[in-house]
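Just final31.cif here, mmCIF, C-alpha atoms:
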data_work
loop_
_atom_site.label_atom_id
_atom_site.label_comp_id
_atom_site.auth_asym_id
_atom_site.auth_seq_id
_atom_site.Cartn_x
_atom_site.Cartn_y
_atom_site.Cartn_z
CA MET M 1268 75.24 100.80 99.93
CA SER M 1269 76.52 99.59 96.59
CA THR M 1270 76.17 100.08 92.86
CA CYS M 1271 75.95 98.23 89.57
CA ASP M 1272 78.34 100.78 88.01
CA ALA M 1273 81.40 102.01 89.94
CA ARG M 1274 81.24 105.30 88.03
CA ARG M 1275 77.89 105.97 89.75
CA PRO M 1276 78.37 105.12 93.44
CA GLY M 1277 75.55 105.05 95.97
CA ARG M 1278 75.38 107.94 98.43
CA LEU M 1279 73.99 108.50 101.91
CA ALA M 1280 74.15 112.03 103.35
CA LEU M 1281 73.46 112.88 106.99
CA ARG M 1282 73.07 116.59 107.66
CA GLY M 1283 72.56 118.76 110.71
CA LYS M 1284 70.99 116.97 113.66
CA ALA M 1285 70.31 113.78 111.71
CA THR M 1286 69.97 110.54 113.65
CA PHE M 1287 71.14 107.25 112.16
CA THR M 1288 70.56 104.18 114.30
CA SER M 1289 70.64 100.47 113.69
CA ARG M 1290 70.44 97.66 116.17
CA PRO M 1291 73.97 97.35 117.55
CA ASP M 1292 73.51 93.59 117.96
CA SER M 1293 72.05 92.97 114.49
CA LYS M 1294 73.51 90.05 112.54
CA TYR M 1295 74.28 92.27 109.55
CA GLY M 1296 75.54 95.79 109.71
CA ILE M 1297 76.14 98.66 107.34
CA ASP M 1298 78.13 97.96 104.19
CA ILE M 1299 79.62 100.69 102.04
CA TRP M 1300 80.63 98.76 98.93
CA CYS M 1301 81.46 101.40 96.33
CA GLY M 1302 79.58 104.33 97.79
CA ILE M 1303 79.84 107.60 99.67
CA TRP M 1304 78.74 108.12 103.27
CA GLU M 1305 78.72 111.87 103.90
CA ILE M 1306 78.34 113.29 107.38
CA GLU M 1307 77.92 117.06 107.54
CA GLY M 1308 78.73 118.88 110.75
CA GLY M 1309 79.12 117.82 114.33
CA GLN M 1310 75.53 117.37 115.45
CA ALA M 1311 74.55 114.01 113.95
CA GLU M 1312 73.88 111.10 116.30
CA ILE M 1313 75.16 107.84 114.83
CA ASN M 1314 74.81 104.55 116.74
CA VAL M 1315 75.12 101.41 114.65
CA GLY M 1316 76.34 97.81 114.66
CA ASP M 1317 79.12 96.65 112.33
CA ILE M 1318 80.37 98.79 109.44
CA GLU M 1319 82.35 97.56 106.46
CA PHE M 1320 84.04 99.85 103.91
CA TRP M 1321 84.99 97.83 100.83
CA GLY M 1322 85.24 99.92 97.68
CA ASN M 1323 86.49 97.14 95.42
CA LYS M 1324 83.92 94.58 96.55
CA PHE M 1325 82.54 94.23 93.00
CA LYS M 1326 85.65 95.01 90.92
CA ASP M 1327 85.42 91.63 89.14
CA ALA M 1328 81.61 91.41 89.13
CA VAL M 1329 79.29 91.78 86.15
CA ASN M 1330 75.93 93.54 86.21
CA ALA M 1331 73.65 90.60 85.35
CA LYS M 1332 70.92 92.75 83.84
CA ALA M 1333 73.13 94.93 81.60
CA GLU M 1334 75.90 92.33 81.25
CA THR M 1335 78.52 95.02 81.87
CA PRO M 1336 81.40 95.00 84.35
CA VAL M 1337 80.71 96.82 87.61
CA GLY M 1338 84.36 97.90 87.97
CA ALA M 1339 86.63 98.93 90.79
CA GLY M 1340 85.36 101.70 93.04
CA LEU M 1341 85.87 103.44 96.36
CA ALA M 1342 84.13 103.32 99.72
CA VAL M 1343 84.24 106.94 100.87
CA LEU M 1344 83.68 108.40 104.32
CA LYS M 1345 83.18 112.08 103.56
CA LEU M 1346 83.24 114.61 106.41
CA THR M 1347 81.96 118.09 105.59
CA GLY M 1348 80.73 121.23 107.33
CA GLU M 1349 81.79 122.47 110.73
CA ASN M 1350 83.03 119.99 113.33
CA VAL M 1351 82.91 116.19 113.38
CA SER M 1352 80.10 113.85 114.39
CA THR M 1353 81.42 110.68 116.01
CA ILE M 1354 80.24 107.35 114.61
CA HIS M 1355 79.52 104.90 117.45
CA ALA M 1356 79.68 101.30 116.24
CA ARG M 1357 80.24 97.72 117.31
CA LYS M 1358 83.00 96.80 114.83
CA VAL M 1359 84.47 98.72 111.89
CA ASP M 1360 86.48 97.25 109.01
CA PHE M 1361 88.19 99.25 106.27
CA VAL M 1362 88.72 96.27 103.97
CA ASP M 1363 89.89 97.73 100.66
CA ALA M 1364 89.73 100.93 98.59
CA ALA M 1365 88.48 102.93 101.58
CA VAL M 1366 88.98 106.70 101.48
CA LEU M 1367 88.53 109.52 103.98
CA ASP M 1368 87.48 112.79 102.29
CA VAL M 1369 87.97 115.92 104.43
CA LYS M 1370 88.16 118.59 101.72
CA GLY M 1371 84.82 120.13 102.78
CA LEU M 1372 85.51 119.90 106.53
CA ARG M 1373 86.06 123.06 108.58
CA VAL M 1374 87.51 122.52 112.05
CA GLY M 1375 89.95 124.22 114.36
CA ALA M 1376 93.31 122.75 115.22
CA GLY M 1377 92.93 119.59 117.25
CA THR M 1378 92.21 115.88 117.27
CA TYR M 1379 88.71 114.60 116.56
CA LYS M 1380 87.21 111.17 117.24
CA VAL M 1381 85.64 110.10 113.94
CA ILE M 1382 84.83 106.55 115.07
CA ASP M 1383 84.26 105.16 118.54
CA ALA M 1384 83.85 101.40 118.12
CA ALA M 1385 84.00 98.36 120.33
CA ALA M 1386 86.55 96.97 117.84
CA ILE M 1387 88.52 98.08 114.81
CA GLY M 1388 89.30 95.29 112.34
CA GLU M 1389 91.08 96.01 109.08
CA THR M 1390 92.60 99.48 108.78
CA ASN M 1391 93.03 99.93 105.02
CA LEU M 1392 91.97 103.58 105.01
CA ARG M 1393 93.73 106.43 103.27
CA PHE M 1394 93.00 110.07 102.61
CA GLU M 1395 91.41 111.09 99.35
CA GLN M 1396 93.97 111.98 96.70
CA GLY M 1397 95.04 115.61 96.99
CA THR M 1398 94.57 115.89 100.76
CA ASP M 1399 97.25 118.05 102.40
CA THR M 1400 98.83 115.47 104.74
CA GLY M 1401 101.03 118.22 106.15
CA LYS M 1402 97.85 119.50 107.84
CA TRP M 1403 95.72 116.37 108.15
CA SER M 1404 96.62 113.04 109.72
CA LEU M 1405 94.68 110.00 110.85
CA ARG M 1406 95.49 107.39 113.44
CA PHE M 1407 93.84 104.19 114.58
CA ASP M 1408 93.82 103.50 118.30
CA SER M 1409 92.86 99.84 117.86
CA PRO M 1410 92.81 98.89 121.58
CA ALA M 1411 90.30 101.70 122.21
CA GLY M 1412 88.42 101.08 118.93
CA ASP M 1413 88.93 104.67 117.75
CA LEU M 1414 89.73 106.42 114.49
CA LEU M 1415 91.27 109.80 115.28
CA LEU M 1416 91.62 112.68 112.83
CA THR M 1417 94.07 115.50 113.55
CA PHE M 1418 94.11 118.91 111.91
CA SER M 1419 97.24 121.05 112.36
CA PRO M 1420 96.98 124.20 110.22
#
Will you turn the file into structure tokens for me?
Amino acid sequence: MSTCDARRPGRLALRGKATFTSRPDSKYGIDIWCGIWEIEGGQAEINVGDIEFWGNKFKDAVNAKAETPVGAGLAVLKLTGENVSTIHARKVDFVDAAVLDVKGLRVGAGTYKVIDAAAIGETNLRFEQGTDTGKWSLRFDSPAGDLLLTFSP
């Protein structure tokens, strides 16, 4: 998922009981290069290979057709609705300009497994600006390959 204009990022939304599957052993995985991956609710089934979040992938690139700069952007993992669907993956990298958006997420107090991977690579992930970090926190358990999100109202 990418764009030719960082002001207009690509978007993939999974809602309800959506299923998103790719071959876990595929050579190439899922790339969010200046885009938004929204997962609504806790009923989606997600089983994929590698995932790379790299919002600034094209910050120095030029759109060849329009001859305009692409610009710096964000790779957003947006969790909304009630509860959290776990992303099962082979390897996950948060390379650069990766953001976790939880402003539309409704959960009870507790810790939620956002990602269950065989391996976590780069961990350059931060909350979206304006997130109340007194209530929300995230933690990587790299040996287990997990990204954990905690809500403490």
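Our summary of the geometry notes that CA of Gln1396 (chain M) is positioned 20.1 Å from CA of Lys1324 (chain M).
What the PyMOL selection byres ((chain M and resi 1331-1338) around 6) picks from this file is M:Cys1271, M:Asp1272, M:Ala1273, M:Lys1326, M:Ala1328, M:Val1329, M:Asn1330, M:Ala1339.
When only C-alpha atoms are used to measure the gap to Arg1278 (chain M), the shortest distance among M:Asp1399, M:Glu1389, M:Asp1317, M:Glu1305 belongs to M:Glu1305.
If all atoms listed in the file are the atoms counted, then among M:Ile1354, M:Val1362, M:Leu1281, M:Leu1346 the closest residue to Ile1299 (chain M) is M:Val1362.
Distances to Glu1395 (chain M) were evaluated for M:Phe1361, M:Leu1341, M:Val1351, M:Asp1383 using all atoms listed in the file, and the minimum falls at M:Leu1341.
Nearest-residue note for Gly1316 (chain M): choosing from M:Lys1294, M:Val1374, M:Ala1356, M:Ser1409, the minimum distance belongs to M:Ala1356, counting only C-alpha atoms.
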Residue neighbourhood Arg1357 (chain M), 8 Å, all atoms listed in the file, exclusion window fewer than 3 positions, as a VMD selection string
chain M and resid 1291 to 1292 1315 to 1318 1384 to 1386
Selection: 12 Å around Phe1320 (chain M), only C-alpha atoms, excl. self and same-chain fewer than 2 positions, as a PyMOL selection string
chain M and resi 1268-1269+1296-1304+1317-1318+1322-1324+1340-1344+1358-1367+1387-1393
Given the file shown, enumerate the residues that the PyMOL selection byres ((chain M and resi 1312) around 12) captures and present them as a PyMOL selection string.
chain M and resi 1281-1289+1306-1311+1313-1315+1351-1356+1382
Within 6 Å of Phe1418 (chain M) using all atoms listed in the file, minus same-chain residues under 5 positions, as a PDB file with C-alpha atoms, keeping the file's coordinate frame:
ATOM      1  CA  ALA M1376      93.310 122.750 115.220  1.00  0.00           C
ATOM      2  CA  GLY M1377      92.930 119.590 117.250  1.00  0.00           C
ATOM      3  CA  LYS M1402      97.850 119.500 107.840  1.00  0.00           C
ATOM      4  CA  TRP M1403      95.720 116.370 108.150  1.00  0.00           C
TER       5      TRP M1403
END
So which residues get picked by the PyMOL selection byres ((chain M and resi 1404) around 6) here, written as a ChimeraX atom specification?
/M:1400,1403,1405,1416-1417
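The spacing separating CA of Val1381 (chain M) from CA of Gly1412 (chain M) amounts to 10.7 Å.
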Looking at M:Pro1420, M:Ala1411, M:Gly1371, M:Phe1394, which one is nearest to Gly1348 (chain M), with distances taken over only C-alpha atoms?
M:Gly1371
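Between CA of Thr1378 (chain M) and CA of Leu1415 (chain M) the interatomic distance comes to 6.5 Å.
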Give the answer as one residue: which of M:Asp1327, M:Arg1290, M:Arg1373, M:Asp1368 has the shortest atom-to-atom distance to Glu1349 (chain M), using only C-alpha atoms?
M:Arg1373
